[in-house]
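Data file: entry35.txt. Format and content: compact mmCIF, C-alpha atoms (C1' of nucleotides).
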# COMPACT_ATOMS: atom_id res chain seq x y z
CA MET M 1208 3.27 12.02 43.67
CA LYS M 1209 4.60 8.46 43.41
CA THR M 1210 6.37 9.90 40.41
CA ASP M 1211 7.79 6.61 39.23
CA LYS M 1212 4.66 4.87 38.08
CA ASN M 1213 2.93 7.97 36.79
CA PRO M 1214 2.38 8.21 33.03
CA THR M 1215 5.15 9.82 31.02
CA ILE M 1216 4.60 12.65 28.57
CA ASN M 1217 4.32 10.14 25.75
CA GLU M 1218 1.86 8.01 27.65
CA TYR M 1219 -0.26 11.03 28.50
CA SER M 1220 -0.27 12.18 24.91
CA GLU M 1221 -1.58 8.75 23.91
CA ILE M 1222 -4.34 9.05 26.49
CA LEU M 1223 -5.27 12.58 25.41
CA LYS M 1224 -5.25 11.57 21.78
CA ALA M 1225 -7.67 8.75 22.51
CA LEU M 1226 -9.91 11.14 24.44
CA GLY M 1227 -9.69 13.68 21.62
CA HIS M 1228 -12.69 12.48 19.65
CA PRO M 1229 -16.23 13.53 20.47
CA VAL M 1230 -17.67 10.02 20.42
CA ARG M 1231 -14.93 8.61 22.60
CA LEU M 1232 -15.11 11.53 25.01
CA LYS M 1233 -18.85 10.98 25.34
CA ILE M 1234 -18.31 7.31 26.04
CA VAL M 1235 -15.63 7.99 28.64
CA CYS M 1236 -17.59 10.78 30.35
CA GLY M 1237 -20.56 8.46 30.43
CA LEU M 1238 -18.52 5.69 32.00
CA VAL M 1239 -17.18 8.02 34.64
CA LYS M 1240 -20.77 8.77 35.64
CA LYS M 1241 -22.27 5.31 35.13
CA GLU M 1242 -19.36 3.15 36.28
CA THR M 1243 -20.18 0.53 33.68
CA CYS M 1244 -22.07 0.15 30.41
CA ASN M 1245 -22.57 -2.51 27.77
CA VAL M 1246 -21.95 -1.97 24.09
CA GLY M 1247 -25.58 -2.14 23.02
CA THR M 1248 -26.57 0.69 25.33
CA ILE M 1249 -23.82 2.91 23.95
CA VAL M 1250 -24.98 2.11 20.42
CA GLU M 1251 -28.55 3.11 21.31
CA LYS M 1252 -27.76 6.25 23.24
CA LEU M 1253 -25.29 7.66 20.75
CA SER M 1254 -27.19 6.44 17.67
CA ILE M 1255 -24.00 5.21 16.08
CA PRO M 1256 -23.51 1.89 14.25
CA GLN M 1257 -22.42 -0.97 16.48
CA PRO M 1258 -19.15 -1.71 14.66
CA THR M 1259 -18.16 1.94 14.89
CA VAL M 1260 -18.76 1.89 18.63
CA SER M 1261 -16.72 -1.31 18.99
CA GLN M 1262 -13.90 0.31 17.06
CA HIS M 1263 -13.89 3.33 19.33
CA LEU M 1264 -14.01 1.09 22.39
CA ASN M 1265 -11.04 -0.78 21.02
CA ILE M 1266 -9.07 2.45 20.67
CA LEU M 1267 -9.92 3.33 24.27
CA LYS M 1268 -8.89 -0.15 25.36
CA ASN M 1269 -5.57 0.06 23.56
CA ALA M 1270 -4.88 3.39 25.25
CA GLY M 1271 -5.42 1.68 28.61
CA ILE M 1272 -8.46 3.80 29.34
CA VAL M 1273 -11.18 1.15 29.53
CA THR M 1274 -11.53 -2.59 29.91
CA GLY M 1275 -14.39 -4.87 28.98
CA TYR M 1276 -15.73 -7.89 30.80
CA ARG M 1277 -18.33 -10.38 29.67
CA LYS M 1278 -21.64 -10.57 31.40
CA GLY M 1279 -23.49 -13.33 29.66
CA THR M 1280 -23.99 -12.39 26.07
CA GLN M 1281 -23.08 -8.78 26.63
CA VAL M 1282 -19.75 -7.06 27.14
CA CYS M 1283 -19.60 -4.31 29.72
CA TYR M 1284 -16.98 -1.63 29.68
CA LYS M 1285 -15.62 0.37 32.56
CA ILE M 1286 -12.86 2.88 33.15
CA GLU M 1287 -9.57 1.18 33.90
CA ASN M 1288 -7.44 4.21 34.49
CA ALA M 1289 -7.66 6.35 37.62
CA GLU M 1290 -5.73 9.16 35.96
CA VAL M 1291 -8.43 9.42 33.31
CA ILE M 1292 -11.18 9.69 35.90
CA LYS M 1293 -9.24 12.54 37.48
CA ILE M 1294 -8.82 14.29 34.15
CA ILE M 1295 -12.48 13.99 33.25
CA GLU M 1296 -13.79 15.00 36.66
CA ASN M 1297 -11.52 18.01 36.60
CA MET M 1298 -13.04 19.34 33.38
CA ASP M 1299 -16.03 21.68 33.63
CA ILE M 1300 -17.96 20.34 30.69
CA ASN M 1301 -21.04 22.16 29.52
CA PHE M 1302 -23.20 19.25 28.46
CA CYS M 1303 -25.99 21.58 27.27
CA GLY M 1304 -28.51 18.81 26.90
CA GLU M 1305 -26.07 16.56 25.09
CA LYS M 1306 -26.93 12.93 25.68
CA LEU M 1307 -24.17 10.65 26.85
CA ILE M 1308 -24.62 6.95 27.37
CA MET T 266 -19.67 26.03 37.65
CA LYS T 267 -20.69 28.93 35.39
CA THR T 268 -21.88 26.11 33.15
CA ASP T 269 -22.88 28.35 30.30
CA LYS T 270 -19.49 29.51 29.12
CA ASN T 271 -17.71 26.26 29.85
CA PRO T 272 -16.46 24.26 26.87
CA THR T 273 -18.86 21.71 25.40
CA ILE T 274 -18.00 18.09 24.79
CA ASN T 275 -17.04 18.91 21.23
CA GLU T 276 -14.88 21.83 22.27
CA TYR T 277 -13.13 19.70 24.88
CA SER T 278 -12.49 16.96 22.38
CA GLU T 279 -10.83 19.52 20.13
CA ILE T 280 -8.63 20.65 22.99
CA LEU T 281 -7.70 17.10 23.97
CA LYS T 282 -6.97 16.21 20.37
CA ALA T 283 -4.59 19.16 20.09
CA LEU T 284 -2.89 18.10 23.33
CA GLY T 285 -2.70 14.52 22.12
CA HIS T 286 0.67 14.76 20.45
CA PRO T 287 3.95 14.41 22.34
CA VAL T 288 5.55 17.53 20.86
CA ARG T 289 2.51 19.68 21.50
CA LEU T 290 2.07 18.32 25.02
CA LYS T 291 5.70 19.14 25.76
CA ILE T 292 5.22 22.68 24.47
CA VAL T 293 2.07 23.20 26.50
CA CYS T 294 3.51 21.70 29.69
CA GLY T 295 6.54 23.90 29.21
CA LEU T 296 4.37 26.99 28.79
CA VAL T 297 2.43 26.17 31.92
CA LYS T 298 5.71 26.19 33.82
CA LYS T 299 7.46 29.01 32.01
CA GLU T 300 4.51 31.34 31.39
CA THR T 301 5.93 32.40 28.03
CA CYS T 302 8.43 31.23 25.43
CA ASN T 303 9.55 32.29 21.98
CA VAL T 304 9.63 29.98 18.98
CA GLY T 305 13.41 29.79 18.68
CA THR T 306 13.80 28.52 22.22
CA ILE T 307 11.25 25.77 21.60
CA VAL T 308 13.11 24.82 18.43
CA GLU T 309 16.37 24.54 20.34
CA LYS T 310 15.08 22.72 23.38
CA LEU T 311 13.07 20.15 21.47
CA SER T 312 15.59 19.80 18.61
CA ILE T 313 12.82 19.94 16.05
CA PRO T 314 12.86 21.92 12.78
CA GLN T 315 11.51 25.44 13.06
CA PRO T 316 8.68 25.04 10.54
CA THR T 317 7.50 21.92 12.33
CA VAL T 318 7.37 23.82 15.60
CA SER T 319 5.47 26.67 13.95
CA GLN T 320 2.99 24.18 12.55
CA HIS T 321 2.39 22.64 15.96
CA LEU T 322 2.02 26.10 17.50
CA ASN T 323 -0.54 26.91 14.86
CA ILE T 324 -2.55 23.83 15.75
CA LEU T 325 -2.46 24.85 19.40
CA LYS T 326 -3.51 28.37 18.46
CA ASN T 327 -6.43 27.13 16.37
CA ALA T 328 -7.59 25.03 19.30
CA GLY T 329 -7.63 28.17 21.43
CA ILE T 330 -4.90 26.83 23.67
CA VAL T 331 -2.15 29.37 23.06
CA THR T 332 -1.67 32.84 21.64
CA GLY T 333 1.42 34.53 20.31
CA TYR T 334 2.54 38.12 20.65
CA ARG T 335 5.42 39.86 18.99
CA LYS T 336 8.36 41.04 21.01
CA GLY T 337 10.65 42.69 18.56
CA THR T 338 11.77 40.17 16.04
CA GLN T 339 10.57 37.20 18.09
CA VAL T 340 7.14 35.81 18.71
CA CYS T 341 6.37 34.66 22.21
CA TYR T 342 3.65 32.16 22.98
CA LYS T 343 1.68 31.74 26.12
CA ILE T 344 -1.26 29.71 27.32
CA GLU T 345 -4.54 31.38 26.49
CA ASN T 346 -6.91 28.94 28.07
CA ALA T 347 -7.39 28.59 31.81
CA GLU T 348 -9.10 25.23 31.38
CA VAL T 349 -5.96 23.85 29.79
CA ILE T 350 -3.79 25.01 32.65
CA LYS T 351 -6.14 23.20 35.00
CA ILE T 352 -5.98 20.03 32.95
CA ILE T 353 -2.20 20.06 32.74
CA GLU T 354 -1.65 20.89 36.39
CA ASN T 355 -4.02 18.12 37.34
CA MET T 356 -1.97 15.48 35.55
CA ASP T 357 0.79 13.71 37.46
CA ILE T 358 3.31 13.55 34.68
CA ASN T 359 6.47 11.55 35.18
CA PHE T 360 8.94 13.69 33.28
CA CYS T 361 11.79 11.22 33.94
CA GLY T 362 14.47 13.59 32.75
CA GLU T 363 12.56 14.54 29.63
CA LYS T 364 13.46 18.03 28.55
CA LEU T 365 10.66 20.43 27.91
CA ILE T 366 11.16 23.95 26.64
C1' DT Y 188 17.75 51.24 1.86
C1' DG Y 189 19.95 46.28 2.27
C1' DA Y 190 21.17 42.40 4.93
C1' DC Y 191 20.09 39.53 8.46
C1' DA Y 192 17.35 37.17 12.09
C1' DA Y 193 13.00 35.17 13.52
C1' DT Y 194 8.93 33.24 12.25
C1' DA Y 195 5.16 31.83 9.12
C1' DT Y 196 3.23 29.68 5.19
C1' DA Y 197 3.01 26.56 0.96
C1' DT Y 198 3.49 22.17 -0.87
C1' DG Y 199 3.63 17.40 -1.09
C1' DA Y 200 4.59 12.51 0.23
C1' DA Y 201 3.98 9.16 3.68
C1' DT Y 202 1.14 7.61 7.05
C1' DA Y 203 -2.87 7.45 10.18
C1' DT Y 204 -7.70 8.05 11.29
C1' DT Y 205 -12.47 7.64 10.55
C1' DA Y 206 -16.49 5.27 9.63
C1' DA Y 207 -19.17 2.32 6.78
C1' DT Y 208 -20.34 -2.50 5.08
C1' DA Y 209 -19.72 -7.21 5.36
C1' DT Y 210 -18.59 -10.99 8.02
C1' DA Y 211 -17.00 -13.66 11.98
C1' DT Y 212 -17.17 -15.05 16.79
C1' DA Y 213 -19.16 -15.96 21.43
C1' DC Y 214 -22.77 -16.84 24.31
C1' DT Y 215 -27.62 -18.43 25.51
C1' DA Y 216 -31.76 -20.84 25.16
C1' DA Y 217 -34.70 -24.09 23.13
C1' DT J 1487 -27.48 -28.89 17.72
C1' DT J 1488 -29.78 -24.79 15.89
C1' DA J 1489 -31.33 -20.14 16.02
C1' DG J 1490 -30.86 -15.81 17.71
C1' DT J 1491 -28.58 -12.01 20.21
C1' DA J 1492 -24.50 -9.32 21.27
C1' DT J 1493 -20.16 -8.02 20.05
C1' DA J 1494 -15.74 -8.13 17.43
C1' DT J 1495 -12.98 -8.05 13.41
C1' DA J 1496 -11.80 -7.36 8.34
C1' DT J 1497 -11.76 -4.50 4.57
C1' DT J 1498 -11.82 -0.34 2.26
C1' DA J 1499 -12.55 4.46 0.64
C1' DA J 1500 -12.41 9.04 2.08
C1' DT J 1501 -10.21 12.19 4.71
C1' DA J 1502 -6.87 14.07 8.00
C1' DT J 1503 -2.38 14.30 10.18
C1' DT J 1504 2.45 14.55 10.28
C1' DC J 1505 6.65 16.40 8.97
C1' DA J 1506 10.07 17.74 5.79
C1' DT J 1507 11.75 21.13 2.18
C1' DA J 1508 11.34 25.34 0.01
C1' DT J 1509 9.88 29.92 0.23
C1' DA J 1510 7.64 34.10 2.04
C1' DT J 1511 6.92 37.53 5.57
C1' DT J 1512 8.09 40.62 9.32
C1' DG J 1513 11.02 43.25 12.14
C1' DT J 1514 15.73 45.27 13.35
C1' DC J 1515 19.81 47.59 12.59
C1' DA J 1516 23.59 49.55 10.10
The structure given in the file should be rewritten as structure tokens.
Amino acid sequence: MKTDKNPTINEYSEILKALGHPVRLKIVCGLVKKETCNVGTIVEKLSIPQPTVSQHLNILKNAGIVTGYRKGTQVCYKIENAEVIKIIENMDINFCGEKLI
Amino acid sequence: MKTDKNPTINEYSEILKALGHPVRLKIVCGLVKKETCNVGTIVEKLSIPQPTVSQHLNILKNAGIVTGYRKGTQVCYKIENAEVIKIIENMDINFCGEKLI
DNA sequence: TGACAATATATGAATATTAATATATACTAA
DNA sequence: TTAGTATATATTAATATTCATATATTGTCA
């Protein structure tokens, strides 16, 4: 309840909008479970073209949800935002065999 | 954890997408607090044209988030989805004087 | 019934999103 | 330096969203 630094309605709606795409939600759920993941692994697991994945990661980055850090030739992404972890962990998702990352 | 009837990733992304708009998030947060509200009141409180409000309510209805019921000449909306209440109540929103509904 | 109030729907223009292809950049190893 | 791997960015066409105006529908009451 440190109300002051909490996200405003507009900030939350930005976050929810970014999470409101199946590919991005899979990525974020995966990162909540895995802590960290590089781009190539996401590309493989989701079977989506690499530029498309980078574009989605960029949207998540702009929403303040993830950050990336270099690790040699790869870039690893992780969740940046504690609020988002709370939101995701609070949802009872039925993964029904769905593969994440 | 009755995993079977919980929303899937795709269903959740639909919900989050619907919540990912400042006007709709205000409406939903307001309904979580107020239990129920008619269209006219939302129009007044948010100072947004009536058709625009009806359109947003329709999006929320299609996402399974709210339902409306007639009460004489008015239509009252309320939250339909328990998952959504959980999501909203779990968020630490800084309303900073923002008026809801 | 007619008039009015409350809400919904239709339409369309402006804008945004999505996702693919092509290309550029950054790092590593030889 | 060069080649190769990993990732990012640019561009673009298709599609979707947003939001306003105009109009239709539904219910109430005299």
ask   = Contacts of T:Leu284 at 7 Å or less, counting all atoms listed in the file, minus same-chain residues fewer than 6 places along, as a VMD selection string?
value = (chain M and resid 1220 1223) or (chain T and resid 290)
With C-alpha atoms retained, could you export that selection as a JSON list (two decimals), keeping the file's coordinate frame?
[["chain", "number", "residue", "atom", "x", "y", "z"],
["M", 1220, "SER", "CA", -0.27, 12.18, 24.91],
["M", 1223, "LEU", "CA", -5.27, 12.58, 25.41],
["T", 290, "LEU", "CA", 2.07, 18.32, 25.02]]
request  = Find the residues in chain M near chain Y: any atom within 8 Å counts, using only C-alpha atoms (C1' of nucleotides). Write them as a PyMOL selection string.
outcome  = chain M and resi 1259+1279-1280
Considering all atoms listed in the file, give me a table of residues in chain M that are at most 9 Å from chain T, with the closest atom pair and distance in Å for each, as a Markdown table.
| residue | atom | partner | partner_atom | distance |
| --- | --- | --- | --- | --- |
| M:Met1208 | CA | T:Asp357 | CA | 6.9 |
| M:Lys1209 | CA | T:Asp357 | CA | 8.8 |
| M:Thr1210 | CA | T:Asn359 | CA | 5.5 |
| M:Asp1211 | CA | T:Asn359 | CA | 6.5 |
| M:Lys1212 | CA | T:Asn359 | CA | 7.5 |
| M:Asn1213 | CA | T:Asn359 | CA | 5.3 |
| M:Pro1214 | CA | T:Ile358 | CA | 5.7 |
| M:Thr1215 | CA | T:Asn359 | CA | 4.7 |
| M:Ile1216 | CA | T:Ile358 | CA | 6.3 |
| M:Asn1217 | CA | T:Pro287 | CA | 5.5 |
| M:Glu1218 | CA | T:Pro287 | CA | 8.6 |
| M:Tyr1219 | CA | T:Ile358 | CA | 7.6 |
| M:Ser1220 | CA | T:Gly285 | CA | 4.4 |
| M:Glu1221 | CA | T:Gly285 | CA | 6.1 |
| M:Ile1222 | CA | T:Gly285 | CA | 7.2 |
| M:Leu1223 | CA | T:Gly285 | CA | 4.6 |
| M:Lys1224 | CA | T:Gly285 | CA | 3.9 |
| M:Ala1225 | CA | T:Gly285 | CA | 7.6 |
| M:Leu1226 | CA | T:Leu281 | CA | 6.4 |
| M:Gly1227 | CA | T:Lys282 | CA | 3.9 |
| M:His1228 | CA | T:Ser278 | CA | 5.3 |
| M:Pro1229 | CA | T:Ser278 | CA | 5.4 |
| M:Val1230 | CA | T:Ser278 | CA | 8.9 |
| M:Arg1231 | CA | T:Ser278 | CA | 8.7 |
| M:Leu1232 | CA | T:Ser278 | CA | 6.6 |
| M:Lys1233 | CA | T:Ile274 | CA | 7.2 |
| M:Glu1290 | CA | T:Met356 | CA | 7.4 |
| M:Lys1293 | CA | T:Asn355 | CA | 7.6 |
| M:Ile1294 | CA | T:Ile352 | CA | 6.5 |
| M:Ile1295 | CA | T:Ile352 | CA | 8.9 |
| M:Asn1297 | CA | T:Ile352 | CA | 6.9 |
| M:Met1298 | CA | T:Ile352 | CA | 7.1 |
| M:Asp1299 | CA | T:Asn271 | CA | 6.2 |
| M:Ile1300 | CA | T:Thr273 | CA | 5.5 |
| M:Asn1301 | CA | T:Thr273 | CA | 4.7 |
| M:Phe1302 | CA | T:Thr273 | CA | 5.9 |
| M:Cys1303 | CA | T:Thr273 | CA | 7.4 |
| M:Glu1305 | CA | T:Ile274 | CA | 8.2 |
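With distances taken over only C-alpha atoms (C1' of nucleotides), T:Val340 is the one residue among T:Val340, T:Ile307, T:Leu322, T:Ala328 lying closest to chain J.
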inquiry  = Between atom CA of T:Val318 and atom CA of T:Val304, what is the distance in Å, rounded to a tenth?
reply    =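 Answer for the atom CA of T:Val318 to atom CA of T:Val304 separation: 7.4 Å.
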Any chance you could tabulate, as CSV, the residues of chain J at most 12 Å from chain T with each one's nearest atom pair and distance in Å to one decimal, using all atoms listed in the file, in chain and rising number order?
residue,atom,partner,partner_atom,distance
J:DT1503,C1',T:His286,CA,10.7
J:DT1504,C1',T:Thr317,CA,9.2
J:DC1505,C1',T:Thr317,CA,6.5
J:DA1506,C1',T:Thr317,CA,8.2
J:DT1507,C1',T:Pro316,CA,9.7
J:DA1508,C1',T:Pro316,CA,10.9
J:DT1509,C1',T:Pro316,CA,11.5
J:DT1511,C1',T:Thr338,CA,11.8
J:DT1512,C1',T:Thr338,CA,7.7
J:DG1513,C1',T:Thr338,CA,5.0
J:DT1514,C1',T:Thr338,CA,7.0
J:DC1515,C1',T:Thr338,CA,11.5
request  = May I ask for the distance between atom CA of M:Thr1274 and atom CA of M:Glu1287, given in Å to one decimal place?
outcome  =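 Pair atom CA of M:Thr1274 / atom CA of M:Glu1287 returns 5.8 Å.
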inquiry  = Rounded to one decimal, what separation in Å do you get between atom C1' of J:DA1492 and atom CA of M:Asn1288?
reply    = 25.5 Å
Can you sort out the box for stretch 194-197 of chain Y, edges along x, y and z, all listed atoms in, 8 Å on every side, with centre and edge lengths in Å to one decimal, as lines of an AutoDock Vina configuration file?
center_x = 6.0
center_y = 29.9
center_z = 6.6
size_x = 21.9
size_y = 22.7
size_z = 27.3
